[in-house]
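Asker: There's a structure below that I have some questions on.
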Amino acid sequence: MRAVVADKVGGPEVLQVRDVPVPEVGPGEVLVRVLAVGVNYIDVYHRTGLYPKDVSQGLGLEGAGEVVQTGHEVTAFSTGQLVGWIGGKASYAEYCLLAESELIPLPAGTDPELAAGVLLQGLTAHALATSVYPIGKDDPVLVHAAAGGVGQMLTQMACMRGGVVHATASSNSKAQAATDAGATFVYDYDDFVDGVRKNTERGVAAAYDGIGAATASRSLDALRPRGVLVVYGAAGGLPEPLDLQRLNAQGSLYVTRPTVMEYTSRPGERDSRTADLFDWIARGRLRVNVARRYSLDEAAQAHRDLESRSTIGKLLLIPHDSTR
C-alpha cells in the first residue's frame, strides 16, 4: 500500500509517499480501507516534533473508511462496515490498522469525506462548548480563528446554545465565514480586546484560543471576572509561561488546556458526542465546510496550506485514486 511517512521531523518537505506492507491484523484489531483523512494541526505538531512522535511510522489521527478485515475477538464491527476514528497513528495511508476500541460506527449512508471532515474538529468543538466551558444563554464568548475547522463548528455550537460569539479573523473572507457561522462581532487580531470591551459589559465569559503565543495573553484581558481561558491548541506557537498572580489580579480568572481525547474517554461519551454531531448535520443545524481535497502525494502541500492560514474550513487527503 502507499503511505505518507517521514525519516525525520521538520518542514513539510520531510513528508514522503512510500510503498509499505499492508499491516497484519492481530487480535482485537481492525484493518480499514481509508477513504478520507482529516488533516489537522496536531499532524503539524507531530511532523515538526512539537509533540513527540515516531514519524517514520506515519502520520494522521483522523479518518473514515470501510472495514476490510477483523481480527479475533472483534465483535462490534464487520467487513464492509463504514467507520471513523480520531485516534489513529498512521491514517495518511491507503489502509489503516486500528484497535476495535478506537473505531466509531458511522450512520448508514454517511459520506466518508463528511465523516473525516467533522469527527476530530467536531468532537473538539462539542467538548469545548458543552463541557470545558458549558456555554449558556446570552453568554458572550470569544472564538479565535473562527473561520477555521474548529472555529466554524464551535461558533455554530455556541449559537445553538444561545451564546453571543465574538470572533477573530485575519481577512475579509474569513470574517465573512465567521459571520456566516453565526458570529455577532468579528475583530482582527490587533484590536479584539478593545472590541470585546466595547461590545460587552465586563468582558467575555470564555475565550477559546487555538492559536497560542500571539493571542493567549491578550485573551486573558478580554475575560470578565471569573472568566475562563480555554487554550486548546498552539497553531501560532506555545504561549508564554503564566504568572498565576495575574489570574487573581484580573478577577479570579481560570485557565485550562483540554484535549479532546480526555473529553471522549469516559464510557459512552465519544458515542454520545458523535451522535449529536450527525443529528445536527442531518437537521441542518451544523454545517461542515470541506475546503480542499488532496491526494497522498500532495500531503506536503496540504501541510503548507494549513500552516499558511490561507484556508477556510477542513482539509482532506483522499488516499485512493478512483481511476486506479
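A note on labels: chains of the C-alpha cells are A, B, ... as shown, every chain counts residues from 1, and ligands are counted from 1 in their shown order.
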May I have the residues within 7 Å of stretch 160-172 of chain A as a short mmCIF file (atom, residue, chain, number, x, y, z; two decimals) with C-alpha atoms, in the first residue's frame, using only C-alpha atoms and disregarding those fewer than 2 positions away in the same chain?

Answerer:
```
data_model
loop_
_atom_site.label_atom_id
_atom_site.label_comp_id
_atom_site.auth_asym_id
_atom_site.auth_seq_id
_atom_site.Cartn_x
_atom_site.Cartn_y
_atom_site.Cartn_z
CA ILE A 135 -21.94 27.98 27.12
CA GLY A 136 -25.22 29.33 28.50
CA LYS A 137 -27.92 31.56 27.08
CA ASP A 138 -26.63 35.07 26.33
CA ASP A 139 -23.08 34.16 27.37
CA PRO A 140 -20.58 36.29 25.44
CA VAL A 141 -17.71 34.09 24.25
CA LEU A 142 -14.61 34.79 22.20
CA VAL A 143 -13.71 32.32 19.43
CA HIS A 144 -10.31 32.83 17.88
CA ALA A 145 -9.74 31.73 14.27
CA ALA A 146 -13.47 31.42 13.81
CA ALA A 147 -13.10 30.64 10.11
CA THR A 155 -19.21 29.19 16.58
CA GLN A 156 -22.24 27.29 15.33
CA MET A 157 -22.50 25.28 18.55
CA ALA A 158 -22.14 28.38 20.70
CA LYS A 174 -12.50 34.80 6.89
CA ALA A 175 -14.56 37.46 8.65
CA GLN A 176 -17.43 36.63 6.32
CA ALA A 178 -17.20 33.67 10.80
CA ALA A 183 -20.65 35.31 14.95
CA THR A 184 -22.23 38.60 16.05
CA PHE A 185 -18.97 40.55 16.25
CA VAL A 186 -15.77 39.94 14.26
CA TYR A 187 -12.45 41.59 15.04
CA ASP A 188 -8.96 41.46 13.62
CA TYR A 189 -6.16 40.18 15.83
CA PHE A 192 -10.00 42.17 19.63
#
```

Asker: Quick one: DSSP alpha helix (DSSP H) residues in stretch 32-254 of chain A, as a count of residues only?

Answerer: 66

Asker: In stretch 134-197 of chain A, what's strand (DSSP E or B) per DSSP? Answer as a PyMOL selection string?

Answerer: chain A and resi 140-143+164-168+185-187

Asker: I want to know what sits within 10 Å of A:Asp276, based on only C-alpha atoms, with residues of the same chain fewer than 4 positions away left out; could you give that as an mmCIF file with N, CA and C atoms, in the first residue's frame?

Answerer:
```cif
data_model
loop_
_atom_site.group_PDB
_atom_site.id
_atom_site.type_symbol
_atom_site.label_atom_id
_atom_site.label_comp_id
_atom_site.auth_asym_id
_atom_site.auth_seq_id
_atom_site.Cartn_x
_atom_site.Cartn_y
_atom_site.Cartn_z
ATOM 1 N N GLY A 122 -15.079 18.408 15.106
ATOM 2 C CA GLY A 122 -16.432 18.493 15.639
ATOM 3 C C GLY A 122 -16.515 18.023 17.083
ATOM 4 N N LEU A 123 -15.845 16.915 17.384
ATOM 5 C CA LEU A 123 -15.831 16.436 18.766
ATOM 6 C C LEU A 123 -15.090 17.407 19.670
ATOM 7 N N HIS A 126 -17.479 20.272 20.236
ATOM 8 C CA HIS A 126 -18.559 19.820 21.115
ATOM 9 C C HIS A 126 -18.103 19.845 22.570
ATOM 10 N N ASP A 271 -19.398 8.314 21.876
ATOM 11 C CA ASP A 271 -20.547 7.962 21.038
ATOM 12 C C ASP A 271 -21.675 8.972 21.192
ATOM 13 N N SER A 272 -21.867 9.473 22.399
ATOM 14 C CA SER A 272 -22.914 10.473 22.625
ATOM 15 C C SER A 272 -22.610 11.763 21.888
ATOM 16 N N TRP A 280 -27.196 16.869 14.351
ATOM 17 C CA TRP A 280 -27.214 18.288 13.975
ATOM 18 C C TRP A 280 -26.979 18.460 12.475
ATOM 19 N N ILE A 281 -26.099 17.667 11.918
ATOM 20 C CA ILE A 281 -25.853 17.745 10.473
ATOM 21 C C ILE A 281 -27.105 17.357 9.707
ATOM 22 N N ALA A 282 -27.744 16.253 10.124
ATOM 23 C CA ALA A 282 -28.942 15.771 9.432
ATOM 24 C C ALA A 282 -30.071 16.797 9.483
ATOM 25 N N LEU A 286 -25.824 22.061 11.803
ATOM 26 C CA LEU A 286 -24.368 22.138 11.786
ATOM 27 C C LEU A 286 -23.877 21.934 10.365
#
```

Asker: Fewer than 3 positions away in the same chain doesn't count, so skip those; otherwise give me all residues within 8 Å of stretch 205-221 of chain A, counting only C-alpha atoms, as JSON, numbers by chain.

Answerer: {"A": [128, 133, 139, 140, 141, 142, 143, 144, 145, 189, 193, 224, 226, 227, 228, 229, 230, 231, 232, 233, 234, 235, 236, 237, 238, 239, 240, 250, 253]}

Asker: Please produce a file of those selected residues containing C-alpha atoms, as a CSV table (one decimal), in the first residue's frame.

Answerer:
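Output file part_23.csv is given in full below:
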```
chain,number,residue,atom,x,y,z
A,128,LEU,CA,-15.3,22.9,24.3
A,133,TYR,CA,-17.0,25.8,29.5
A,139,ASP,CA,-23.1,34.2,27.4
A,140,PRO,CA,-20.6,36.3,25.4
A,141,VAL,CA,-17.7,34.1,24.3
A,142,LEU,CA,-14.6,34.8,22.2
A,143,VAL,CA,-13.7,32.3,19.4
A,144,HIS,CA,-10.3,32.8,17.9
A,145,ALA,CA,-9.7,31.7,14.3
A,189,TYR,CA,-6.2,40.2,15.8
A,193,VAL,CA,-9.5,43.2,23.3
A,224,ARG,CA,-14.8,39.2,32.6
A,226,ARG,CA,-14.2,34.6,36.9
A,227,GLY,CA,-13.9,34.1,33.1
A,228,VAL,CA,-12.3,31.0,31.5
A,229,LEU,CA,-9.4,31.0,29.1
A,230,VAL,CA,-9.5,27.7,27.1
A,231,VAL,CA,-6.2,27.1,25.3
A,232,TYR,CA,-7.0,24.1,23.1
A,233,GLY,CA,-4.1,24.4,20.6
A,234,ALA,CA,-1.0,26.3,19.6
A,235,ALA,CA,-1.1,26.9,15.9
A,236,GLY,CA,0.9,30.0,16.4
A,237,GLY,CA,3.4,28.6,18.9
A,238,LEU,CA,3.2,27.7,22.6
A,239,PRO,CA,2.0,30.5,24.9
A,240,GLU,CA,4.4,32.2,27.3
A,250,GLN,CA,-7.7,40.3,36.9
A,253,LEU,CA,-9.7,34.0,36.2
```

Asker: May I have the residues within 8 Å of A:Asn40 as a PyMOL selection string, using only C-alpha atoms and disregarding those fewer than 3 positions away in the same chain?

Answerer: chain A and resi 43-44+60+315

Asker: Please report, as a Markdown table, each residue of stretch 42-159 of chain A lying at most 8 Å from stretch 14-33 of chain A, together with the nearest pair of atoms and the separation in Å rounded to one decimal; use only C-alpha atoms, and order rows by chain and ascending residue number.

Answerer:
```
| residue | atom | partner | partner_atom | distance |
| --- | --- | --- | --- | --- |
| A:Gly65 | CA | A:Arg33 | CA | 5.4 |
| A:Glu66 | CA | A:Arg33 | CA | 5.2 |
| A:Val67 | CA | A:Val32 | CA | 4.4 |
| A:Val68 | CA | A:Val32 | CA | 5.5 |
| A:Gln69 | CA | A:Leu31 | CA | 5.1 |
| A:Thr70 | CA | A:Val30 | CA | 4.6 |
| A:Gly71 | CA | A:Pro27 | CA | 4.8 |
| A:His72 | CA | A:Pro27 | CA | 4.6 |
| A:Glu73 | CA | A:Gly28 | CA | 5.3 |
| A:Val74 | CA | A:Gly28 | CA | 5.1 |
| A:Glu94 | CA | A:Arg33 | CA | 6.1 |
| A:Tyr95 | CA | A:Arg33 | CA | 4.6 |
| A:Cys96 | CA | A:Val32 | CA | 5.3 |
| A:Leu97 | CA | A:Leu31 | CA | 4.6 |
| A:Leu98 | CA | A:Val30 | CA | 5.4 |
| A:Ala99 | CA | A:Glu29 | CA | 4.4 |
| A:Glu100 | CA | A:Glu29 | CA | 5.4 |
```

Asker: Given the selection you just returned, output its residues as a file containing all heavy atoms, formatted as a tab-separated table (two decimals), in the first residue's frame.

Answerer:
```tsv
chain	number	residue	atom	x	y	z
A	65	GLY	N	-13.41	5.20	6.71
A	65	GLY	CA	-13.21	4.19	5.69
A	65	GLY	C	-14.08	2.98	5.90
A	65	GLY	O	-15.03	2.99	6.70
A	66	GLU	N	-13.72	1.91	5.19
A	66	GLU	CA	-14.53	0.69	5.16
A	66	GLU	C	-13.72	-0.47	5.76
A	66	GLU	O	-12.56	-0.69	5.41
A	66	GLU	CB	-14.89	0.37	3.71
A	66	GLU	CG	-15.72	-0.88	3.54
A	66	GLU	CD	-15.97	-1.17	2.07
A	66	GLU	OE1	-15.11	-0.82	1.23
A	66	GLU	OE2	-17.02	-1.76	1.76
A	67	VAL	N	-14.35	-1.21	6.67
A	67	VAL	CA	-13.70	-2.36	7.28
A	67	VAL	C	-13.46	-3.44	6.22
A	67	VAL	O	-14.39	-3.82	5.50
A	67	VAL	CB	-14.56	-2.93	8.42
A	67	VAL	CG1	-13.95	-4.23	8.96
A	67	VAL	CG2	-14.71	-1.91	9.55
A	68	VAL	N	-12.21	-3.91	6.13
A	68	VAL	CA	-11.90	-4.97	5.16
A	68	VAL	C	-11.48	-6.27	5.84
A	68	VAL	O	-11.52	-7.34	5.22
A	68	VAL	CB	-10.81	-4.53	4.16
A	68	VAL	CG1	-11.31	-3.40	3.29
A	68	VAL	CG2	-9.52	-4.12	4.88
A	69	GLN	N	-11.07	-6.20	7.12
A	69	GLN	CA	-10.68	-7.41	7.83
A	69	GLN	C	-10.75	-7.17	9.33
A	69	GLN	O	-10.37	-6.09	9.81
A	69	GLN	CB	-9.27	-7.84	7.44
A	69	GLN	CG	-8.83	-9.18	8.01
A	69	GLN	CD	-7.42	-9.56	7.60
A	69	GLN	OE1	-6.81	-8.89	6.75
A	69	GLN	NE2	-6.88	-10.62	8.17
A	70	THR	N	-11.22	-8.16	10.06
A	70	THR	CA	-11.28	-8.05	11.52
A	70	THR	C	-10.48	-9.18	12.15
A	70	THR	O	-10.43	-10.30	11.63
A	70	THR	CB	-12.73	-8.11	12.03
A	70	THR	OG1	-13.32	-9.35	11.61
A	70	THR	CG2	-13.55	-6.96	11.50
A	71	GLY	N	-9.85	-8.89	13.27
A	71	GLY	CA	-9.08	-9.90	13.98
A	71	GLY	C	-9.93	-10.68	14.95
A	71	GLY	O	-11.12	-10.38	15.17
A	72	HIS	N	-9.34	-11.71	15.53
A	72	HIS	CA	-10.03	-12.48	16.56
A	72	HIS	C	-10.44	-11.57	17.70
A	72	HIS	O	-9.77	-10.59	18.01
A	72	HIS	CB	-9.12	-13.59	17.08
A	72	HIS	CG	-8.76	-14.61	16.05
A	72	HIS	ND1	-9.69	-15.39	15.40
A	72	HIS	CD2	-7.56	-14.97	15.55
A	72	HIS	CE1	-9.08	-16.19	14.54
A	72	HIS	NE2	-7.78	-15.95	14.61
A	73	GLU	N	-11.57	-11.87	18.30
A	73	GLU	CA	-12.11	-11.15	19.45
A	73	GLU	C	-12.81	-9.85	19.08
A	73	GLU	O	-13.36	-9.18	19.96
A	73	GLU	CB	-11.02	-10.87	20.51
A	73	GLU	CG	-10.30	-12.11	21.00
A	73	GLU	CD	-9.14	-11.79	21.92
A	73	GLU	OE1	-8.97	-10.60	22.27
A	73	GLU	OE2	-8.40	-12.72	22.28
A	74	VAL	N	-12.81	-9.45	17.81
A	74	VAL	CA	-13.56	-8.27	17.38
A	74	VAL	C	-15.02	-8.65	17.25
A	74	VAL	O	-15.37	-9.59	16.51
A	74	VAL	CB	-13.03	-7.71	16.05
A	74	VAL	CG1	-13.94	-6.60	15.54
A	74	VAL	CG2	-11.61	-7.19	16.23
A	94	GLU	N	-3.30	4.22	2.51
A	94	GLU	CA	-4.43	3.58	1.83
A	94	GLU	C	-5.17	2.61	2.74
A	94	GLU	O	-6.37	2.37	2.57
A	94	GLU	CB	-3.93	2.85	0.58
A	94	GLU	CG	-3.44	3.81	-0.50
A	94	GLU	CD	-2.96	3.11	-1.74
A	94	GLU	OE1	-2.36	2.01	-1.63
A	94	GLU	OE2	-3.19	3.64	-2.85
A	95	TYR	N	-4.45	2.06	3.73
A	95	TYR	CA	-5.07	1.17	4.71
A	95	TYR	C	-4.55	1.56	6.09
A	95	TYR	O	-3.41	2.00	6.24
A	95	TYR	CB	-4.74	-0.30	4.43
A	95	TYR	CG	-5.38	-0.81	3.15
A	95	TYR	CD1	-4.72	-0.67	1.93
A	95	TYR	CD2	-6.64	-1.38	3.16
A	95	TYR	CE1	-5.31	-1.10	0.75
A	95	TYR	CE2	-7.24	-1.83	1.98
A	95	TYR	CZ	-6.57	-1.68	0.79
A	95	TYR	OH	-7.15	-2.10	-0.38
A	96	CYS	N	-5.39	1.37	7.10
A	96	CYS	CA	-5.03	1.75	8.45
A	96	CYS	C	-5.45	0.65	9.41
A	96	CYS	O	-6.57	0.11	9.31
A	96	CYS	CB	-5.72	3.07	8.83
A	96	CYS	SG	-5.20	3.78	10.41
A	97	LEU	N	-4.57	0.31	10.34
A	97	LEU	CA	-4.86	-0.70	11.35
A	97	LEU	C	-5.21	0.00	12.65
A	97	LEU	O	-4.44	0.84	13.14
A	97	LEU	CB	-3.64	-1.60	11.55
A	97	LEU	CG	-3.81	-2.78	12.50
A	97	LEU	CD1	-4.81	-3.79	11.92
A	97	LEU	CD2	-2.47	-3.45	12.77
A	98	LEU	N	-6.37	-0.36	13.21
A	98	LEU	CA	-6.84	0.29	14.42
A	98	LEU	C	-7.35	-0.74	15.41
A	98	LEU	O	-7.83	-1.81	15.02
A	98	LEU	CB	-7.95	1.29	14.11
A	98	LEU	CG	-7.56	2.44	13.19
A	98	LEU	CD1	-8.40	2.42	11.93
A	98	LEU	CD2	-7.68	3.78	13.89
A	99	ALA	N	-7.27	-0.40	16.68
A	99	ALA	CA	-7.91	-1.23	17.70
A	99	ALA	C	-9.42	-1.07	17.60
A	99	ALA	O	-9.92	0.00	17.25
A	99	ALA	CB	-7.42	-0.81	19.09
A	100	GLU	N	-10.13	-2.14	17.91
A	100	GLU	CA	-11.59	-2.08	17.86
A	100	GLU	C	-12.12	-0.91	18.68
A	100	GLU	O	-13.06	-0.22	18.27
A	100	GLU	CB	-12.18	-3.40	18.38
A	100	GLU	CG	-13.69	-3.44	18.38
A	100	GLU	CD	-14.24	-4.75	18.90
A	100	GLU	OE1	-13.51	-5.45	19.65
A	100	GLU	OE2	-15.39	-5.08	18.58
```

Asker: To one decimal place in Å, what is the distance between atom CA of A:Leu59 and atom CA of A:Arg47?

Answerer: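 Separation between atom CA of A:Leu59 and atom CA of A:Arg47: 7.7 Å.
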
Asker: Could you list, as a list in words, every residue within 6 Å of stretch 84-93 of chain A, counting only C-alpha atoms and ignoring same-chain residues fewer than 5 positions away?

Answerer: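 The residues satisfying every condition are Arg2, Ala3, Val4, Gly58, Leu59, Gly60, Leu61, Glu62, Gly63, Ala64, Leu103, Ile104 and Leu120 of chain A.
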
Asker: Return the single residue from A:Val55, A:Leu114, A:Val150, A:Leu306 that is closest to A:Ala127, with distances computed using only C-alpha atoms.

Answerer: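 Among the listed residues, the smallest separation from A:Ala127 belongs to A:Val150.
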
Asker: So, counting only C-alpha atoms, which residue among A:Pro319, A:Pro258, A:Gly151, A:Pro241 is closest to A:Gly182?

Answerer: A:Gly151

Asker: Could you please determine the separation between atom CA of A:Lys314 and atom CA of A:Leu223 in Å, to one decimal place?

Answerer: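 Between atom CA of A:Lys314 and atom CA of A:Leu223 the gap is 28.7 Å.
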